[in-house]
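**Student:** My structure is stored as final-v3.txt, with compact mmCIF, C-alpha atoms and all ligand atoms.
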# COMPACT_ATOMS: atom_id res chain seq x y z
CA MET A 18 119.31 -18.66 79.64
CA ASN A 19 117.89 -17.49 82.92
CA GLY A 20 121.13 -15.77 83.79
CA ASN A 21 120.94 -13.80 80.59
CA ARG A 22 117.27 -13.15 80.87
CA ALA A 23 117.89 -11.12 83.98
CA TRP A 24 120.01 -8.76 81.99
CA PHE A 25 117.55 -8.38 79.18
CA ASP A 26 114.82 -7.61 81.60
CA LYS A 27 116.93 -5.15 83.47
CA ASP A 28 115.84 -1.66 82.75
CA PHE A 29 118.54 0.53 84.20
CA TYR A 30 116.49 3.66 83.48
CA LYS A 31 113.58 2.30 85.38
CA VAL A 32 115.83 1.25 88.24
CA LEU A 33 116.98 4.84 88.64
CA GLY A 34 113.56 6.22 87.87
CA VAL A 35 114.74 8.41 85.02
CA SER A 36 113.74 8.70 81.39
CA GLU A 37 115.83 7.33 78.57
CA SER A 38 116.74 10.84 77.59
CA ALA A 39 117.90 11.76 81.07
CA THR A 40 120.96 13.99 81.23
CA PRO A 41 124.07 12.84 83.11
CA ASP A 42 123.15 15.28 85.86
CA GLU A 43 119.68 13.85 86.22
CA ILE A 44 121.13 10.37 86.42
CA LYS A 45 123.63 11.44 89.07
CA ARG A 46 120.92 13.06 91.16
CA ALA A 47 118.59 10.12 90.87
CA PHE A 48 121.35 7.77 91.96
CA ARG A 49 122.28 9.89 95.00
CA LYS A 50 118.71 10.11 96.12
CA LEU A 51 118.12 6.38 95.83
CA ALA A 52 121.49 5.49 97.32
CA GLN A 53 120.75 7.53 100.41
CA LYS A 54 117.46 5.83 100.88
CA HIS A 55 118.64 2.26 100.33
CA HIS A 56 122.17 2.43 101.66
CA PRO A 57 122.91 -0.60 103.86
CA ASP A 58 124.18 1.69 106.62
CA ARG A 59 120.71 3.04 106.94
CA ASN A 60 119.03 -0.30 106.62
CA PRO A 61 121.15 -2.69 108.65
CA GLY A 62 120.23 -6.32 108.06
CA ASP A 63 117.66 -5.45 105.41
CA LYS A 64 118.32 -7.89 102.59
CA ALA A 65 115.85 -6.24 100.25
CA ALA A 66 117.52 -2.87 100.67
CA GLU A 67 120.89 -4.46 100.04
CA ASP A 68 119.66 -6.01 96.78
CA ARG A 69 118.06 -2.82 95.75
CA MET A 70 121.30 -0.95 96.43
CA LYS A 71 123.21 -3.38 94.22
CA GLU A 72 120.72 -2.80 91.46
CA ILE A 73 120.98 0.94 91.79
CA SER A 74 124.79 0.84 91.72
CA GLU A 75 124.82 -1.38 88.67
CA ALA A 76 122.42 0.90 86.82
CA SER A 77 124.38 3.95 87.79
CA ASP A 78 127.67 2.36 86.77
CA VAL A 79 126.38 1.84 83.28
CA LEU A 80 124.31 4.94 82.77
CA SER A 81 126.82 7.41 84.14
CA ASP A 82 129.58 6.18 81.85
CA PRO A 83 128.83 7.68 78.41
CA LYS A 84 130.51 4.83 76.57
CA LYS A 85 128.81 2.08 78.55
CA ARG A 86 125.51 3.89 78.29
CA ALA A 87 125.78 4.11 74.51
CA GLU A 88 126.48 0.41 74.28
CA TYR A 89 123.70 -0.45 76.67
CA ASP A 90 121.28 1.65 74.65
CA GLU A 91 122.40 -0.08 71.49
CA VAL A 92 121.94 -3.57 72.87
CA ARG A 93 118.58 -2.60 74.32
CA ARG A 94 117.48 -1.27 71.01
CA MET A 95 118.39 -4.55 69.38
CA ALA A 96 116.72 -6.55 72.11
CA ARG A 97 113.53 -4.63 71.42
CA SER A 98 113.77 -5.35 67.75
CA GLY A 99 113.73 -9.02 68.61
CA PHE A 100 117.38 -9.95 68.56
CA ARG A 101 118.76 -11.77 71.53
CA PRO A 102 122.51 -11.91 71.60
CA ASP A 103 122.44 -15.09 73.63
CA GLY A 104 121.01 -16.89 70.65
CA GLY A 105 117.89 -17.75 72.59
CA GLY A 106 114.46 -16.49 71.84
CA PHE A 107 114.40 -17.52 68.23
CA GLY A 108 113.87 -20.93 66.90
CA PRO A 109 115.36 -21.94 63.55
CA GLY A 110 113.22 -19.77 61.34
CA GLY A 111 113.82 -16.63 63.36
CA PRO A 112 114.91 -13.51 61.58
CA PHE A 113 118.49 -14.72 61.35
CA GLY A 114 117.82 -18.35 60.75
CA GLY A 115 118.50 -19.07 64.39
CA ASN A 116 122.22 -18.64 64.07
CA VAL A 117 123.70 -15.25 64.52
CA ARG A 118 127.20 -14.24 65.26
CA VAL A 119 128.00 -10.93 66.76
CA GLU A 120 131.30 -9.55 65.66
CA GLY A 121 133.32 -6.55 66.61
CA PHE A 122 132.11 -6.50 70.13
CA ASP A 123 134.75 -5.66 72.65
CA VAL A 124 133.89 -7.97 75.48
CA GLY A 125 136.89 -6.87 77.51
CA ASP A 126 135.42 -3.46 77.87
CA LEU A 127 132.09 -4.51 79.24
CA GLY A 128 133.19 -7.93 80.31
CA ASP A 129 131.52 -7.80 83.69
CA LEU A 130 128.27 -6.62 82.32
CA PHE A 131 127.82 -8.35 79.04
CA GLY A 132 130.73 -10.71 78.71
CA GLY A 133 128.95 -13.88 79.68
CA LEU A 134 126.05 -12.89 77.58
CA PHE A 135 127.91 -12.49 74.36
CA GLY A 136 130.13 -15.44 75.01
CA THR A 137 127.49 -17.74 73.61
CA ALA A 138 126.61 -15.64 70.64
CA ARG A 139 130.19 -15.18 69.63
CA GLY A 140 130.73 -18.88 69.62
CA GLY A 141 127.86 -19.41 67.20
CA ARG A 142 128.28 -19.62 63.49
CA ALA A 143 126.33 -18.18 60.67
CA ARG A 144 124.42 -20.82 58.79
CA GLY A 145 126.17 -22.14 55.75
CA PRO A 146 124.71 -24.74 53.45
CA ALA A 147 122.43 -27.01 55.46
CA ARG A 148 124.16 -29.86 57.21
CA GLY A 149 122.55 -33.22 56.68
CA ALA A 150 120.57 -34.82 59.48
CA ASP A 151 122.10 -37.41 61.76
CA LEU A 152 120.84 -40.93 61.43
CA GLU A 153 120.53 -43.69 63.96
CA ALA A 154 120.71 -47.37 63.24
CA GLU A 155 120.65 -50.39 65.50
CA VAL A 156 122.91 -53.35 65.14
CA ARG A 157 122.68 -56.65 66.97
CA VAL A 158 125.89 -58.44 67.72
CA ASN A 159 126.51 -61.69 69.49
CA PHE A 160 128.33 -61.86 72.77
CA GLU A 161 131.63 -62.98 71.27
CA ASP A 162 131.72 -60.19 68.67
CA ALA A 163 130.98 -57.58 71.27
CA PHE A 164 133.67 -59.01 73.47
CA GLU A 165 136.35 -59.33 70.88
CA GLY A 166 135.33 -56.62 68.44
CA ALA A 167 134.03 -57.16 64.91
CA THR A 168 133.20 -55.40 61.70
CA VAL A 169 129.50 -55.64 60.95
CA PRO A 170 127.56 -54.60 57.87
CA ILE A 171 124.67 -52.21 58.31
CA LYS A 172 122.01 -51.67 55.69
CA LEU A 173 120.46 -48.25 55.62
CA THR A 174 118.45 -46.02 53.38
CA ARG A 175 119.72 -42.50 53.50
CA ASP A 176 119.96 -39.30 51.58
CA ALA A 177 123.32 -39.72 49.92
CA PRO A 178 125.08 -37.20 47.72
CA CYS A 179 123.58 -37.41 44.22
CA ALA A 180 125.75 -39.67 42.09
CA THR A 181 125.04 -37.70 38.91
CA CYS A 182 126.07 -34.26 40.11
CA ARG A 183 128.23 -35.48 43.01
CA GLY A 184 126.14 -33.52 45.41
CA THR A 185 126.66 -30.15 43.76
CA GLY A 186 123.07 -29.93 42.53
CA ALA A 187 124.23 -28.71 39.12
CA GLU A 188 123.69 -30.55 35.85
CA PRO A 189 127.09 -32.00 34.93
CA GLY A 190 128.95 -29.72 32.55
CA THR A 191 126.96 -26.63 33.45
CA PRO A 192 128.57 -23.76 35.29
CA VAL A 193 128.13 -23.09 38.95
CA GLU A 194 128.50 -19.43 39.66
CA THR A 195 129.87 -17.87 42.74
CA CYS A 196 127.06 -16.05 44.51
CA PRO A 197 127.42 -12.34 43.73
CA ALA A 198 125.62 -11.33 46.91
CA CYS A 199 128.07 -12.91 49.32
CA GLY A 200 131.08 -13.46 47.10
CA GLY A 201 130.88 -17.21 47.73
CA ARG A 202 131.14 -16.98 51.48
CA GLY A 203 127.55 -17.98 52.04
CA THR A 204 127.22 -15.34 54.71
CA VAL A 205 126.67 -11.62 54.69
CA ALA A 206 127.40 -9.13 57.42
CA ASP A 207 124.88 -6.53 58.49
CA SER A 208 126.30 -3.59 60.35
CA GLN A 209 124.15 -2.09 63.04
CA GLY A 210 125.98 0.58 64.95
CA MET A 211 128.97 -0.98 66.58
CA PHE A 212 127.77 -4.52 65.96
CA SER A 213 127.94 -6.52 62.85
CA PHE A 214 125.75 -9.55 62.42
CA VAL A 215 126.80 -12.37 60.24
CA ARG A 216 123.87 -14.16 58.73
CA SER A 217 123.30 -16.65 56.04
CA CYS A 218 123.07 -15.23 52.52
CA ASP A 219 119.49 -15.04 51.23
CA ARG A 220 120.48 -15.16 47.63
CA CYS A 221 122.29 -18.49 47.67
CA GLY A 222 120.78 -19.89 50.86
CA GLY A 223 124.22 -20.08 52.41
CA ALA A 224 125.71 -22.29 49.72
CA GLY A 225 127.93 -19.53 48.33
CA ARG A 226 127.21 -20.80 44.82
CA ILE A 227 124.36 -20.43 42.42
CA VAL A 228 123.48 -23.29 40.15
CA THR A 229 122.46 -22.17 36.67
CA SER A 230 120.96 -25.46 35.49
CA PRO A 231 119.92 -27.81 38.26
CA CYS A 232 120.82 -31.50 38.04
CA LYS A 233 117.91 -33.41 36.50
CA VAL A 234 118.35 -36.48 38.66
CA CYS A 235 118.16 -34.76 42.05
CA ARG A 236 116.37 -31.62 40.83
CA GLY A 237 119.20 -29.48 42.15
CA SER A 238 119.06 -30.74 45.70
CA GLY A 239 122.37 -32.54 45.40
CA VAL A 240 120.82 -35.37 47.35
CA GLN A 241 119.53 -38.78 46.35
CA ARG A 242 117.73 -41.37 48.44
CA ARG A 243 119.76 -44.56 48.32
CA LYS A 244 120.01 -47.94 49.93
CA GLU A 245 123.50 -48.55 51.16
CA GLU A 246 125.39 -51.11 53.10
CA ILE A 247 128.20 -49.78 55.18
CA LYS A 248 130.61 -51.59 57.41
CA VAL A 249 130.89 -50.47 60.96
CA ARG A 250 133.72 -51.40 63.25
CA ILE A 251 132.42 -52.57 66.60
CA PRO A 252 135.19 -52.03 69.10
CA ALA A 253 136.14 -54.92 71.38
CA GLY A 254 134.46 -54.71 74.75
CA VAL A 255 131.49 -52.72 73.51
CA LYS A 256 128.59 -52.69 75.96
CA ASP A 257 124.95 -53.23 75.23
CA GLY A 258 123.34 -49.91 74.32
CA ALA A 259 126.60 -48.23 73.30
CA ARG A 260 126.32 -45.63 70.54
CA ILE A 261 129.03 -45.56 67.94
CA ARG A 262 129.38 -42.46 65.82
CA VAL A 263 130.24 -42.89 62.18
CA ARG A 264 131.17 -39.52 60.80
CA GLY A 265 129.65 -38.35 57.58
CA ARG A 266 127.35 -41.35 57.14
CA GLY A 267 124.17 -39.54 58.05
CA GLU A 268 121.96 -37.81 55.53
CA ALA A 269 123.76 -35.81 52.88
CA GLY A 270 123.63 -32.05 53.32
CA GLY A 271 121.98 -29.82 50.78
CA ALA A 272 124.12 -28.74 47.86
CA GLY A 273 127.56 -28.20 49.31
CA GLY A 274 126.48 -28.96 52.87
CA GLN A 275 128.23 -31.32 55.24
CA PRO A 276 126.65 -34.72 55.69
CA GLY A 277 125.28 -35.65 59.09
CA ASP A 278 126.64 -38.49 61.18
CA LEU A 279 125.38 -41.98 61.65
CA TYR A 280 124.94 -43.24 65.19
CA VAL A 281 124.97 -46.97 65.54
CA VAL A 282 123.34 -48.33 68.68
CA VAL A 283 124.83 -51.70 69.56
CA ARG A 284 122.63 -54.39 71.02
CA VAL A 285 124.65 -57.17 72.54
CA ALA A 286 122.98 -60.56 72.81
CA PRO A 287 123.54 -62.24 76.15
CA HIS A 288 125.62 -65.41 76.25
CA PRO A 289 124.02 -68.56 77.70
CA LEU A 290 127.11 -69.24 79.81
CA PHE A 291 129.34 -66.22 80.09
CA GLY A 292 128.97 -62.79 81.54
CA ARG A 293 131.31 -59.88 81.28
CA GLN A 294 133.21 -57.75 83.72
CA GLY A 295 135.41 -55.32 81.80
CA ASP A 296 138.05 -57.45 80.13
CA ASP A 297 137.18 -60.46 82.23
CA LEU A 298 134.69 -63.17 81.40
CA THR A 299 132.55 -64.55 84.18
CA LEU A 300 131.13 -68.04 84.52
CA ASP A 301 129.26 -70.05 87.11
CA LEU A 302 131.14 -73.31 87.65
CA PRO A 303 129.08 -76.08 89.24
CA VAL A 304 131.10 -78.66 91.18
CA THR A 305 129.96 -81.58 93.25
CA PHE A 306 130.20 -81.66 96.99
CA THR A 307 132.99 -84.21 96.82
CA GLU A 308 134.94 -82.32 94.14
CA ALA A 309 134.86 -79.24 96.35
CA ALA A 310 135.82 -81.17 99.46
CA LEU A 311 138.48 -83.43 98.01
CA GLY A 312 139.75 -81.24 95.18
CA ALA A 313 139.49 -82.16 91.52
CA GLN A 314 140.48 -81.39 87.97
CA VAL A 315 137.45 -80.08 86.08
CA LYS A 316 136.91 -79.05 82.49
CA VAL A 317 135.87 -75.41 82.09
CA PRO A 318 134.48 -73.93 78.87
CA THR A 319 135.99 -70.71 77.47
CA LEU A 320 135.12 -68.70 74.37
CA ALA A 321 137.74 -70.86 72.62
CA GLU A 322 138.87 -74.35 73.70
CA PRO A 323 137.85 -75.72 77.10
CA VAL A 324 140.57 -75.73 79.73
CA THR A 325 141.20 -78.05 82.67
CA VAL A 326 141.17 -76.31 86.00
CA LYS A 327 142.27 -77.54 89.40
CA ILE A 328 139.70 -77.20 92.16
CA PRO A 329 141.70 -77.15 95.38
CA ALA A 330 140.58 -79.45 98.20
CA GLY A 331 138.27 -77.65 100.60
CA THR A 332 136.99 -75.13 98.06
CA GLN A 333 133.96 -73.28 99.40
CA ASN A 334 130.81 -72.40 97.52
CA GLY A 335 131.13 -68.96 95.92
CA LYS A 336 134.91 -69.09 95.65
CA VAL A 337 136.09 -67.32 92.49
CA LEU A 338 138.78 -69.07 90.51
CA ARG A 339 140.78 -66.81 88.23
CA ILE A 340 141.76 -68.54 85.03
CA ARG A 341 144.46 -66.35 83.55
CA GLY A 342 144.35 -65.11 79.98
CA ARG A 343 140.97 -66.64 79.11
CA GLY A 344 139.04 -63.38 79.07
CA ALA A 345 139.22 -60.70 76.41
CA PRO A 346 142.00 -61.28 73.92
CA LYS A 347 144.97 -58.99 74.14
CA ARG A 348 144.61 -55.91 72.03
CA LYS A 349 145.81 -52.36 71.88
CA GLY A 350 145.82 -50.95 75.38
CA HIS A 351 143.30 -53.53 76.55
CA GLY A 352 142.65 -57.15 76.95
CA ASP A 353 144.57 -59.95 78.50
CA GLY A 354 141.44 -60.51 80.52
CA ASP A 355 140.85 -63.52 82.72
CA LEU A 356 138.02 -65.97 83.12
CA LEU A 357 136.49 -65.66 86.55
CA ALA A 358 134.80 -68.93 87.45
CA THR A 359 132.57 -68.80 90.50
CA VAL A 360 132.35 -72.18 92.19
CA ARG A 361 128.78 -73.38 92.79
CA VAL A 362 128.72 -76.43 95.00
CA VAL A 363 125.88 -78.64 93.88
CA VAL A 364 124.23 -80.67 96.58
CA PRO A 365 123.10 -84.10 95.37
CA ASP A 366 119.32 -84.30 95.38
CA LYS A 367 118.90 -87.88 94.28
CA LEU A 368 120.82 -90.48 96.18
CA SER A 369 121.01 -94.22 95.72
CA LYS A 370 120.64 -96.38 98.76
CA ALA A 371 124.40 -96.98 98.91
CA GLU A 372 125.18 -93.28 98.52
CA ARG A 373 122.73 -92.38 101.23
CA GLU A 374 124.23 -94.89 103.64
CA LEU A 375 127.69 -93.61 102.87
CA LEU A 376 126.69 -90.01 103.51
CA GLU A 377 124.88 -90.95 106.69
CA ARG A 378 128.01 -92.59 107.93
CA PHE A 379 129.99 -89.56 106.88
CA GLY A 380 127.59 -87.32 108.75
CA GLU A 381 128.10 -89.32 111.94
CA MET A 382 131.85 -89.16 111.57
CA TYR A 383 132.17 -85.57 110.48
CA ARG A 384 133.57 -83.33 113.18
CA GLY A 385 133.30 -80.03 111.39
CA GLU A 386 131.15 -77.36 113.08
CA PRO A 387 130.19 -74.90 110.37
CA ARG A 388 127.68 -73.12 112.61
CA ALA A 389 129.90 -72.81 115.64
CA HIS A 390 130.09 -69.04 115.24
CA LEU A 391 126.28 -68.71 115.29
CA GLU A 392 125.92 -70.29 118.70
CA VAL A 393 125.01 -67.97 121.55
ZN ZN A 401 122.16 -34.37 41.22
ZN ZN A 402 125.28 -15.88 48.62
Could you quickly redo this structure as structure tokens?
Ligand SMILES: [Zn+2]
Ligand SMILES: [Zn+2]

**Tutor:**
Amino acid sequence: MNGNRAWFDKDFYKVLGVSESATPDEIKRAFRKLAQKHHPDRNPGDKAAEDRMKEISEASDVLSDPKKRAEYDEVRRMARSGFRPDGGGFGPGGPFGGNVRVEGFDVGDLGDLFGGLFGTARGGRARGPARGADLEAEVRVNFEDAFEGATVPIKLTRDAPCATCRGTGAEPGTPVETCPACGGRGTVADSQGMFSFVRSCDRCGGAGRIVTSPCKVCRGSGVQRRKEEIKVRIPAGVKDGARIRVRGRGEAGGAGGQPGDLYVVVRVAPHPLFGRQGDDLTLDLPVTFTEAALGAQVKVPTLAEPVTVKIPAGTQNGKVLRIRGRGAPKRKGHGDGDLLATVRVVVPDKLSKAERELLERFGEMYRGEPRAHLEV
């Protein structure tokens, strides 16, 4: 908004030091006088003069072109009356309900000057029937469900469309009339000079329809507070804290309005054994000193059946063994993950007398020099 603010605050008349009723001649003279004074040729290296010159040129460009001047005057007039074409400045409750669309504005013509400014406003939409609020719910899933995907039920209390009137707000069997003020469009256009503003219709509140006898159950709101249980698909591989959007499961809109969305925040419980790395499962695999040195077949848990894995002789601590196909199950475009088992060599801390003697003998015999590279 700061970029736009500059424009709103720009007073081209003030820049040139002329009145708003200045004639084209007066504008021309004022420009020449200022341009002479601030021209960069006369002020070499003076940044302030350069900026000032830019300002003067811009003001002159607009004010000496009758068409541009008329449009500038028009927009200025509107800005004074409180309207900001960038949509800023008003909260919801502003004179146009916070949503105003400017139509019929030829951006091409004044593209350099106002184009960016109106870009935002043009993209806006006049307020129709109120859209329902978004809801947020939290769901806890276990590690396996998050990994493989699951459908989980979520209980929520929300404003749902009234079951009696089906959200129309009208007593069943009674007529709903098309709003005569807006012809059912829910919006009306106000013309102001070359601009036309589309705003929400006062008469029908943007619904486009007028209910003659309101529904007794929801008192015409079209909305009913209800407890519901909905099923939410948790995609495989979902991460803790992920937000899943369920369209249309937020609060119901007012009569005829779109419902909001439901955002489900997924909380994934950690697994006592496994971690996750994309489609791969991770696991710390403790092995004994002898298993690592001599090699062994060890049983490794997976999310399904345990598998037997060969530890090669001479396996070092920290070595990662990739157990193919034991990660995320294969699914559309994903999966076929592996189980990555990180070998943790466990050093025996309680030794029997015999074991100790054996290891002492081994220590005397052993010719390995694991710290050779540290010697200086
Ligand atoms: Zn109702
Ligand atoms: Zn209306």

**Student:** Residues at most 9 Å from region 293-310 of chain A, counting all atoms listed in the file, excluding those fewer than 2 positions away in the same chain, as a PyMOL selection string?

**Tutor:** chain A and resi 164+254+290-291+312-315+317-320+328-334+342-346+351-365

**Student:** Between CA of His56 (chain A) and CA of Asp42 (chain A), what distance in Å does the model show, to one decimal?

**Tutor:**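 Interatomic distance, CA of His56 (chain A) to CA of Asp42 (chain A): 20.4 Å.
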
**Student:** To check your reading of the model: which residues sit at most 10 Å from ligand ZN 401 (chain A) when counting all atoms listed in the file? Write the answer as a PyMOL selection string.

**Tutor:** chain A and resi 178-189+231-241+272

**Student:** Check which residues fall inside 12 Å of ligand ZN 402 (chain A) when counting all atoms listed in the file, and print them as a PyMOL selection string.

**Tutor:** chain A and resi 144-146+194-206+216-228

**Student:** Could you tell me how far CA of Val285 (chain A) lies from CA of Arg157 (chain A), in Å and to one decimal?

**Tutor:**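 Answer for the CA of Val285 (chain A) to CA of Arg157 (chain A) separation: 5.9 Å.
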
**Student:** Which residue gives the smallest distance to Ala163 (chain A) among A:Arg69, A:Lys45, A:Lys244, A:His288, with only C-alpha atoms counted?

**Tutor:**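 Using only C-alpha atoms, the shortest distance to Ala163 (chain A) belongs to A:His288.
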
**Student:** For region 72-81 of chain A, which lacks atoms in the input, supply all heavy atoms and format the output as a PDB file, in the coordinates of the input.

**Tutor:**
ATOM      1  N   GLU A  72     121.383  -3.112  92.721  1.00  0.00           N
ATOM      2  CA  GLU A  72     120.720  -2.800  91.460  1.00  0.00           C
ATOM      3  C   GLU A  72     120.969  -1.341  91.060  1.00  0.00           C
ATOM      4  O   GLU A  72     121.290  -1.040  89.905  1.00  0.00           O
ATOM      5  CB  GLU A  72     119.210  -3.022  91.648  1.00  0.00           C
ATOM      6  CG  GLU A  72     118.561  -3.888  90.631  1.00  0.00           C
ATOM      7  CD  GLU A  72     117.062  -4.024  90.930  1.00  0.00           C
ATOM      8  OE1 GLU A  72     116.498  -3.273  91.743  1.00  0.00           O
ATOM      9  OE2 GLU A  72     116.468  -4.895  90.313  1.00  0.00           O
ATOM     10  N   ILE A  73     120.810  -0.493  92.044  1.00  0.00           N
ATOM     11  CA  ILE A  73     120.980   0.940  91.790  1.00  0.00           C
ATOM     12  C   ILE A  73     122.417   1.241  91.358  1.00  0.00           C
ATOM     13  O   ILE A  73     122.656   1.978  90.405  1.00  0.00           O
ATOM     14  CB  ILE A  73     120.629   1.748  93.071  1.00  0.00           C
ATOM     15  CG1 ILE A  73     119.148   1.552  93.413  1.00  0.00           C
ATOM     16  CG2 ILE A  73     120.954   3.215  92.896  1.00  0.00           C
ATOM     17  CD1 ILE A  73     118.808   1.907  94.852  1.00  0.00           C
ATOM     18  N   SER A  74     123.383   0.619  92.062  1.00  0.00           N
ATOM     19  CA  SER A  74     124.790   0.840  91.720  1.00  0.00           C
ATOM     20  C   SER A  74     125.099   0.357  90.321  1.00  0.00           C
ATOM     21  O   SER A  74     125.814   1.006  89.565  1.00  0.00           O
ATOM     22  CB  SER A  74     125.699   0.096  92.708  1.00  0.00           C
ATOM     23  OG  SER A  74     125.369   0.445  94.018  1.00  0.00           O
ATOM     24  N   GLU A  75     124.570  -0.812  89.996  1.00  0.00           N
ATOM     25  CA  GLU A  75     124.820  -1.380  88.670  1.00  0.00           C
ATOM     26  C   GLU A  75     124.268  -0.451  87.587  1.00  0.00           C
ATOM     27  O   GLU A  75     124.931  -0.150  86.594  1.00  0.00           O
ATOM     28  CB  GLU A  75     124.162  -2.758  88.574  1.00  0.00           C
ATOM     29  CG  GLU A  75     124.522  -3.531  87.332  1.00  0.00           C
ATOM     30  CD  GLU A  75     123.751  -4.846  87.220  1.00  0.00           C
ATOM     31  OE1 GLU A  75     122.700  -4.981  87.905  1.00  0.00           O
ATOM     32  OE2 GLU A  75     124.181  -5.717  86.451  1.00  0.00           O
ATOM     33  N   ALA A  76     123.054   0.006  87.797  1.00  0.00           N
ATOM     34  CA  ALA A  76     122.420   0.900  86.820  1.00  0.00           C
ATOM     35  C   ALA A  76     123.213   2.195  86.682  1.00  0.00           C
ATOM     36  O   ALA A  76     123.461   2.681  85.567  1.00  0.00           O
ATOM     37  CB  ALA A  76     120.986   1.192  87.248  1.00  0.00           C
ATOM     38  N   SER A  77     123.635   2.698  87.809  1.00  0.00           N
ATOM     39  CA  SER A  77     124.380   3.950  87.790  1.00  0.00           C
ATOM     40  C   SER A  77     125.739   3.772  87.112  1.00  0.00           C
ATOM     41  O   SER A  77     126.187   4.634  86.355  1.00  0.00           O
ATOM     42  CB  SER A  77     124.550   4.451  89.224  1.00  0.00           C
ATOM     43  OG  SER A  77     125.571   5.414  89.289  1.00  0.00           O
ATOM     44  N   ASP A  78     126.377   2.664  87.397  1.00  0.00           N
ATOM     45  CA  ASP A  78     127.670   2.360  86.770  1.00  0.00           C
ATOM     46  C   ASP A  78     127.582   2.464  85.255  1.00  0.00           C
ATOM     47  O   ASP A  78     128.455   2.996  84.602  1.00  0.00           O
ATOM     48  CB  ASP A  78     128.068   0.906  87.096  1.00  0.00           C
ATOM     49  CG  ASP A  78     128.975   0.858  88.306  1.00  0.00           C
ATOM     50  OD1 ASP A  78     129.222   1.929  88.885  1.00  0.00           O
ATOM     51  OD2 ASP A  78     129.407  -0.259  88.657  1.00  0.00           O
ATOM     52  N   VAL A  79     126.518   1.884  84.729  1.00  0.00           N
ATOM     53  CA  VAL A  79     126.380   1.840  83.280  1.00  0.00           C
ATOM     54  C   VAL A  79     125.923   3.187  82.729  1.00  0.00           C
ATOM     55  O   VAL A  79     126.496   3.715  81.774  1.00  0.00           O
ATOM     56  CB  VAL A  79     125.401   0.725  82.863  1.00  0.00           C
ATOM     57  CG1 VAL A  79     125.105   0.783  81.374  1.00  0.00           C
ATOM     58  CG2 VAL A  79     125.970  -0.638  83.227  1.00  0.00           C
ATOM     59  N   LEU A  80     124.907   3.739  83.364  1.00  0.00           N
ATOM     60  CA  LEU A  80     124.310   4.940  82.770  1.00  0.00           C
ATOM     61  C   LEU A  80     125.152   6.205  82.972  1.00  0.00           C
ATOM     62  O   LEU A  80     125.002   7.163  82.222  1.00  0.00           O
ATOM     63  CB  LEU A  80     122.897   5.150  83.321  1.00  0.00           C
ATOM     64  CG  LEU A  80     121.896   4.046  82.965  1.00  0.00           C
ATOM     65  CD1 LEU A  80     120.504   4.433  83.417  1.00  0.00           C
ATOM     66  CD2 LEU A  80     121.902   3.718  81.473  1.00  0.00           C
ATOM     67  N   SER A  81     126.041   6.186  83.967  1.00  0.00           N
ATOM     68  CA  SER A  81     126.820   7.410  84.140  1.00  0.00           C
ATOM     69  C   SER A  81     128.149   7.364  83.358  1.00  0.00           C
ATOM     70  O   SER A  81     128.876   8.345  83.343  1.00  0.00           O
ATOM     71  CB  SER A  81     127.052   7.748  85.611  1.00  0.00           C
ATOM     72  OG  SER A  81     127.368   6.589  86.330  1.00  0.00           O
TER      73      SER A  81
END
